[in-house]
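Contents: one structure, followed by commentary.
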Amino acid sequence: MSDKQAALDFDIKKIDQDFLDNPFPVYKAMRENDPVHLNPDGSYFLTRYEDVVLSLRHPGMSSDKKVDFKPKFGDGPLYVHHTSSLVFNDPPVHTRVRKLLSEAFTPRKLAELEPVIEGIIDRLLDRLAGQGEFDVVSDYALALPTEIIADMLGVPEEHRHKLHNYSNLILGALDPVVPPEKIAEGHAAVEEFGALLEELIADRRKTPKGGEMGEVLAALIFGEVDGEKLTPVELVQNCIFLLNAGHETTANLVGNGISILLDAPDQMQRLRGDPSLIKTAVEEFLRYQSPLQIGNRKATEDVEFGPEGSKVVIPAGSFIHTSIGAANRDPETFENPEAVDIGRRPNPQIAFGMGKHICMGNTLGRIEGHVAVGKFVERFPNLRAAGEKRFHGRARFRGLDVLPVAVS
Ligand code: HEM
């Protein structure tokens with residue numbers, strides 16, 4: 001099949017294993033041959049950098065999913081969750097909730113977190129050093145962000161092991177096609193996780209101060225913007241969202257970063273020779289394997305997309321898939337985009353999105369990436385692959401399920 005045919009035939013509802021393993025050839029074919037691609041279900045798929053940026057910045061693009069999620073989730077807990085989280089709301093709800101959550105990400109709070117992050121990483125590395133062989137994803141990449149967000153929200157130690165599975169089930173339900181049993185598991189995960197948070201919130205209301213952990217939770221419970229607090233549903237659902245948004249994506253950044261370096265030994269060598277490259281290296285990992293590959297918006301007015309000379313109007317009411325993963329490899333913006341260059345400058349990657357929904361945890365995610373990948377590479381000079389890596393099978397998020405390595 002020609003590239004053009006492959007692009008024209010793409011169907012967001014019929015994604016196969018080849019695409020999940022390596023979506024980039026399909027993105028390229030679409031960007032070159034059908035950049036404003038119309039799926040058989042009437043939704044559009046954007047792959048050019050300029051178009052994805054426009055969709056994220058344009059005032060006529062909505063993030064509200066109250067109508068779109070109804071057929072998929074009914075009135076169940078997944079519907080309540082995804083339609084209450086700030087990422088799937090427009091102003092004024094979005095603006096109010098974002099202001100209240102921003103309390104969690106002040107420069108002071110982030111500065112306080114840096115030594116905590118270093119301490120967690122040092123302890124993890126000490127433990128792994130004694131093992132010789134291990135899985136980077138479950139033994140390392142997932143541990144740091146889970147600990148950090150669980151600390152921010154005061155989730156007790158005994159519940160932390162459940163968080164990754166909750167997140168998988170709740171975020172997995174956002175994929176373009178989801179079997180009914182997975183939807184049922186997603187509903188149950190929102191309920192269980194919500195009940196746990198309600199208990200923590202009730203405890204915290206009784207003792208608003210005291211205890212170092214859960215400071216962010218306290219800020220979300222008691223914080224006010226213009227005399228308004230988060231409603232009880234907004235509070236629980238946005239805490240669930242923070243845990244999901246902040247641990248899965250960051251774990252993917254760390255796992256993808258280490259895997260990219262293993263696949264490109266010259267770049268690993270370069271980083272070892274000059275550890276100060278870790279900042280541009282993390283930007284490159286975010287560009288090359290963006291943890292969030294495909295976002296979405298709905299047009300509330302007619303908007304033109306596509307290259308000069310072949311513009312296409314996406315009509316009001318259309319659902320749009322915004323492929324950040326494809327945009328980050330657009331040769332019109334990035335020189336030699338299919339190659340990894342850990343010193344790449346400029347690197348205007350958009351892995352954290354853009355516009356009013358730009359990731360609130362982007363500084364935190366970056367710090368975690370710098371510390372986790374930088375210290376890992378430094379600690380294990382004999383690092384090498386020790387088995388087949390495997391990407392998890394979800395189209396919107398790109399990350400590994402398994403990355404076996406040997407270090408001794
Ligand atoms: C490498 C790590 C991360 C990546 C790649 C990432 C990516 C993104 C992207 C692309 C969006 C925008 C979605 C949209 O426009 O529809 C977003 C939103 C968001 N992210 Fe992240 N994220 C990361 C880490 C984090 C962390 C660590 C936290 C918090 C602890 C976090 C919290 C949020 C929140 C609250 C939003 C919603 C912002 C809004 O709707 O206004 N993220 N993230």
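Residues are referred to by chain and number: the chain letter is A, B, ... according to the order shown in the structure tokens, the number counts from 1 in that chain, and ligands are numbered separately from 1 in the order shown.
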
Inset, instruction - Using only C-alpha atoms and all ligand atoms, determine which residues fall within 7 Å of ligand 1, then list them as JSON, numbers by chain. - result: {"A": [56, 63, 86, 87, 88, 94, 98, 149, 242, 243, 245, 246, 247, 249, 250, 253, 286, 290, 291, 292, 295, 296, 351, 352, 353, 354, 356, 357, 358, 359, 360, 361, 362, 364, 365, 366]}

Could the residues in this selection be saved with N, CA, C and O atoms as a CSV table (one decimal), in the first residue's frame?
chain,number,residue,atom,x,y,z
A,56,LEU,N,-4.7,24.0,19.8
A,56,LEU,CA,-4.6,24.2,21.3
A,56,LEU,C,-4.8,25.6,21.7
A,56,LEU,O,-5.1,25.9,22.9
A,63,SER,N,-12.7,22.1,25.3
A,63,SER,CA,-12.2,20.9,25.9
A,63,SER,C,-13.4,20.2,26.7
A,63,SER,O,-13.2,19.1,27.2
A,86,LEU,N,-10.4,19.4,35.5
A,86,LEU,CA,-10.2,20.7,34.8
A,86,LEU,C,-9.8,20.5,33.3
A,86,LEU,O,-10.2,21.4,32.5
A,87,VAL,N,-9.2,19.4,33.0
A,87,VAL,CA,-8.6,19.3,31.7
A,87,VAL,C,-9.8,19.2,30.6
A,87,VAL,O,-9.6,19.6,29.5
A,88,PHE,N,-10.9,18.7,31.1
A,88,PHE,CA,-12.1,18.5,30.2
A,88,PHE,C,-13.2,19.5,30.5
A,88,PHE,O,-14.3,19.2,30.4
A,94,HIS,N,-13.1,25.9,34.2
A,94,HIS,CA,-11.7,25.6,34.1
A,94,HIS,C,-10.8,26.7,34.8
A,94,HIS,O,-9.9,26.4,35.5
A,98,ARG,N,-8.5,25.8,37.9
A,98,ARG,CA,-7.0,25.9,37.7
A,98,ARG,C,-6.4,26.8,38.7
A,98,ARG,O,-5.3,26.5,39.2
A,149,ILE,N,3.4,12.4,44.1
A,149,ILE,CA,2.0,12.9,44.2
A,149,ILE,C,1.3,12.3,45.4
A,149,ILE,O,0.4,13.0,46.0
A,242,LEU,N,-5.2,14.7,39.4
A,242,LEU,CA,-3.8,15.1,39.7
A,242,LEU,C,-2.9,13.8,39.8
A,242,LEU,O,-1.8,13.8,39.2
A,243,LEU,N,-3.4,12.8,40.5
A,243,LEU,CA,-2.6,11.6,40.6
A,243,LEU,C,-2.4,10.9,39.3
A,243,LEU,O,-1.3,10.5,39.0
A,245,ALA,N,-2.7,12.3,36.1
A,245,ALA,CA,-2.0,13.2,35.2
A,245,ALA,C,-0.5,13.2,35.5
A,245,ALA,O,0.4,13.3,34.7
A,246,GLY,N,-0.2,13.2,36.8
A,246,GLY,CA,1.2,13.4,37.2
A,246,GLY,C,2.0,12.2,37.3
A,246,GLY,O,3.2,12.3,37.3
A,247,HIS,N,1.5,11.0,37.5
A,247,HIS,CA,2.4,9.9,37.7
A,247,HIS,C,2.6,9.1,36.4
A,247,HIS,O,3.7,8.8,36.1
A,249,THR,N,2.3,10.0,33.1
A,249,THR,CA,3.1,10.8,32.1
A,249,THR,C,4.5,10.9,32.5
A,249,THR,O,5.4,10.7,31.7
A,250,THR,N,4.8,11.2,33.8
A,250,THR,CA,6.2,11.3,34.2
A,250,THR,C,6.9,10.0,34.2
A,250,THR,O,8.1,9.9,33.8
A,253,LEU,N,7.9,9.5,30.7
A,253,LEU,CA,9.1,10.3,30.4
A,253,LEU,C,10.4,9.6,30.8
A,253,LEU,O,11.3,9.5,30.0
A,286,LEU,N,11.1,14.3,25.5
A,286,LEU,CA,9.7,14.7,25.4
A,286,LEU,C,9.2,14.9,24.0
A,286,LEU,O,8.1,14.6,23.6
A,290,SER,N,6.7,11.6,22.9
A,290,SER,CA,5.9,12.4,23.8
A,290,SER,C,4.9,11.5,24.6
A,290,SER,O,4.2,10.7,24.1
A,291,PRO,N,5.0,11.6,26.0
A,291,PRO,CA,4.1,10.7,26.8
A,291,PRO,C,2.6,10.8,26.5
A,291,PRO,O,1.9,9.8,26.5
A,292,LEU,N,2.2,12.0,26.2
A,292,LEU,CA,0.8,12.2,25.7
A,292,LEU,C,0.8,12.4,24.2
A,292,LEU,O,1.2,13.4,23.7
A,295,GLY,N,-4.2,14.3,21.9
A,295,GLY,CA,-5.1,15.0,22.7
A,295,GLY,C,-6.4,15.2,21.9
A,295,GLY,O,-6.6,14.6,20.9
A,296,ASN,N,-7.3,16.0,22.5
A,296,ASN,CA,-8.5,16.2,21.7
A,296,ASN,C,-9.2,17.6,22.0
A,296,ASN,O,-9.0,18.1,23.1
A,351,ALA,N,5.1,18.8,24.1
A,351,ALA,CA,4.7,17.6,24.9
A,351,ALA,C,3.8,18.0,26.1
A,351,ALA,O,3.0,17.2,26.5
A,352,PHE,N,3.9,19.2,26.6
A,352,PHE,CA,3.1,19.6,27.7
A,352,PHE,C,1.8,20.4,27.2
A,352,PHE,O,1.1,21.1,28.0
A,353,GLY,N,1.6,20.4,25.9
A,353,GLY,CA,0.5,21.1,25.4
A,353,GLY,C,0.8,22.6,25.3
A,353,GLY,O,2.0,23.0,25.4
A,354,MET,N,-0.3,23.4,25.1
A,354,MET,CA,-0.1,24.9,24.9
A,354,MET,C,-1.4,25.6,25.3
A,354,MET,O,-2.4,24.9,25.4
A,356,LYS,N,-4.4,27.7,27.3
A,356,LYS,CA,-4.9,27.8,28.6
A,356,LYS,C,-4.8,26.4,29.4
A,356,LYS,O,-4.9,26.4,30.6
A,357,HIS,N,-4.8,25.3,28.7
A,357,HIS,CA,-4.7,24.0,29.4
A,357,HIS,C,-3.3,23.5,29.5
A,357,HIS,O,-3.0,22.3,29.8
A,358,ILE,N,-2.3,24.4,29.2
A,358,ILE,CA,-0.9,23.9,29.3
A,358,ILE,C,-0.7,23.2,30.6
A,358,ILE,O,-1.2,23.6,31.7
A,359,CYS,N,0.1,22.1,30.6
A,359,CYS,CA,0.3,21.2,31.8
A,359,CYS,C,0.7,22.0,33.0
A,359,CYS,O,1.7,22.8,33.0
A,360,MET,N,-0.1,21.9,34.1
A,360,MET,CA,0.3,22.6,35.3
A,360,MET,C,1.5,22.0,36.0
A,360,MET,O,2.2,22.6,36.8
A,361,GLY,N,1.8,20.7,35.7
A,361,GLY,CA,2.9,20.0,36.3
A,361,GLY,C,4.2,20.0,35.4
A,361,GLY,O,5.1,19.2,35.7
A,362,ASN,N,4.2,20.9,34.5
A,362,ASN,CA,5.4,20.8,33.5
A,362,ASN,C,6.7,21.1,34.2
A,362,ASN,O,7.7,20.4,33.9
A,364,LEU,N,7.4,20.5,37.4
A,364,LEU,CA,7.6,19.3,38.3
A,364,LEU,C,8.0,18.1,37.5
A,364,LEU,O,9.0,17.4,37.8
A,365,GLY,N,7.3,17.9,36.4
A,365,GLY,CA,7.7,16.7,35.5
A,365,GLY,C,9.1,16.8,34.9
A,365,GLY,O,9.8,15.8,34.9
A,366,ARG,N,9.5,18.1,34.6
A,366,ARG,CA,10.8,18.3,34.1
A,366,ARG,C,11.9,18.0,35.2
A,366,ARG,O,12.9,17.3,34.9

Legend entry - Option closest in space to Ala188 (chain A), from A:Leu8, A:Leu46, A:Met1, A:Leu78 [counting only C-alpha atoms]: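 Of A:Leu8, A:Leu46, A:Met1, A:Leu78, the one nearest Ala188 (chain A), counting only C-alpha atoms, is A:Leu78.
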
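Between CA of Pro346 (chain A) and CA of Pro307 (chain A) there is a distance of 22.5 Å.
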
Legend entry - Backbone-only DSSP, alpha helix (DSSP H) members of region 79-188 of chain A, as a PyMOL selection string: chain A and resi 79-84+93-101+107-129+136+143-153+163-172+180-188

Inset, instruction - For region 165-172 of chain A, work out the shell of residues within 6 Å, counting only C-alpha atoms and skipping chain neighbours fewer than 4 positions away, then give it as a PyMOL selection string. - result: chain A and resi 186+189+244

Inset, instruction - Between A:Glu338, A:Asp16, A:Asp51, A:Glu118, single out the one closest to Ile314 (chain A), counting only C-alpha atoms. - result: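 Answer, going by the shortest atom-to-atom distance: A:Asp51.
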
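Those residues of region 9-85 of chain A that DSSP, working from the backbone, places in strand (DSSP E or B) are A:Val36, A:His37, A:Leu38, A:Tyr44, A:Phe45, A:Leu46, A:Met61, A:Ser62.
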